[in-house]
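Engineer: One structure follows; several queries about it will come next.
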Amino acid sequence: MAPSDEADLVERARAGDVDAYADLLAAHQAAARRLAAALGGSGDADEVVQDAFVKAWYGFPGFRRGSAFRPWLLRIVANEARNRRRAAGRRAGYELRFATDRAASAGAEPSPEAAVLVTEARRSVVAALAGLPEGLRDVVACRHLLELSEQETGVVLGLPRGTVKSRTSRGLRRLARALEGGDRG
Amino acid sequence: MADVARTLAELGRRLDLPDGHDPAAAAVARIRADRRSFVPEGDTNERRARVAVLAAAAVVALVVVVSAPGPRGALARLLGVDGIEITRGAVDPGLGSALDLGEPEPLDDAQARFGGVSLAGLGLPDAAYAGRPAGAVSLVWRASGDLPEIGGTGAGAVLTVFPADGVRIGKVAGERTGITAVTVGGHPGYWLDGAAHEVVYDTGDGRTAVARLAGNTLVWSDGERTYRLESALDRASVLSAVSPG
């Protein structure tokens with residue numbers, strides 16, 4: 001979507017045009033779903049996104065005219081995902097689901113043995129990611145799982161850029177240690 | 001570390017989200033439903049019609065409190081809750097299906113106006129509105145597993161605060177609505193439950209009233225402000241949830 005088109009939709013949505021808001025959401029839904037899954041796990045991602053989109057609509061009075069819509073919207077999604085995670089407390093699991101290799105590689109189906117190895121490798125990475133403190137995990141997930149820029153990660157998580165950088169570095173170090181079987185924090 | 005980052009990026013590209021789910025469409029449907037449940041801002045004719053029906057209902061009411069401006073304050077004080085009048089009478093089931101709480105308000109701004117009153121266990125509210133009735137601010141919690149829906153509104157709880165003497169509120173209660181005197185943090189209040197009842201707001205400046213179907217309702221006043229909490233919860237649950245601040 002061209003920036004001018006988006007700016008027009010944002011203005012119309014701010015004025016109460018639900019159709020314009022629906023168009024905006026359609027443009028950013030995929031990113032929002034991935035973010036919700038990365039921060040809170042795949043299980044509740046769609047519920048998180050739905051609630052966040054409703055809250056964003058009612059939060060339009062707090063949207064600064066002329067600022068970028070996507071980071072503002074994703075920040076609301078991130079807050080919703082983290083609030084829900086906190087509310088769930090210890091009961092909250094962190095589980096990510098991944099597309100099958102066949103779906104991801106357009107028909108090149110792996111052998112059963114290879115599939116098992118790939119699945120196990122993924123499990124290890126996700127388990128190591130789940131074992132990180134939340135402050136590190138969120139940053140690593142945004143930066144590397146979702147490949148957001150440092151700046152966008154900072155906006156979405158409400159962190160200064162320097163904090164994003166330092167947490168990313170610490171998080172990756174801990175992940176590497178965990179995957180080597182020697183995580184000592 | 002580079003390997004870990006590369007592995008994460010590869011995994012991220014394969015992050016799987018179920019096909020056929022469209023949370024944006026669901027959110028938009030909820031927003032449209034919310035908008036339908038609100039009486040349009042300028043629709044004073046509809047409000048007048050609602051008030052007329054309520055007025056007709058009041059004629060056959062067993063009057064507990066007369067809503068004339070003069071004796072109103074004294075009677076309300078006699079009841080112990082400034083700004084609240086409770087009138088027992090017939091209920092029109094067509095009335096009150098609309099939440100009409102004013103304009104959306106940033107949550108932080110709205111919460112700051114509640115003078116420390118909070119509801120334990122409900123978490124953060126989902127929406128806030130201001131201006132209906134004049135001077136009032138309302139926080140809305142969406143219905144959930146622990147918070148049953150109030151009469152098809154989508155809301156599980158609505159907490160409204162308004163200046164105790166700044167607005168006149170008549171609550172037209174059906175004959176099957178229970179009215180019980182309670183105390184909330186040492187402040188006088190009333191608990192209304194049972195059958196649905198209707199709420200009439202009169203801003204006192206000649207503007208029309210608003211009516212809506214109410215769930216179980218707790219009203220109380222700390223002398224400066226009057227609070228009104230509506231939900232489908234029982235009295236014990238509500239009284240234990242309210243922290244008067």
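In the structure tokens, each chain is lettered A, B, ... as it comes, each chain's residues begin at 1, and ligands are numbered from 1 in order of appearance.
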Can you pull out every residue within 10 Å of Ala128 in chain B, counting only C-alpha atoms, but drop anything in the same chain fewer than 5 positions away, and send it as a list in words?
Structural biologist: Tyr58 and Gly59 of chain A; Leu101, Gly102, Glu103, Pro104, Glu105, Pro106, Leu107, Asp108, Asp109, Ala110, Gln111, Val137, Ser138, Leu139, Val140, Trp141, Val158, Leu159 and Thr160 of chain B
Engineer: Give as number ranges by chain every residue of chain B that touches chain A within 8 Å, counting only C-alpha atoms.
Structural biologist: B: 1, 4-6, 8-17, 21-28, 30-32, 104-106, 126-127
Engineer: Give me, as a PyMOL selection string, all polymer residues having an atom no more than 6 Å from Ala136 in chain B, counting only C-alpha atoms and skipping those fewer than 4 positions away in the same chain.
Structural biologist: chain B and resi 130-132+161-162
Engineer: Rounded to one decimal place, report the CA of Pro148 in chain B-CA of Asn216 in chain B distance in Å.
Structural biologist: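 Going from CA of Pro148 in chain B over to CA of Asn216 in chain B, I get 11.2 Å.
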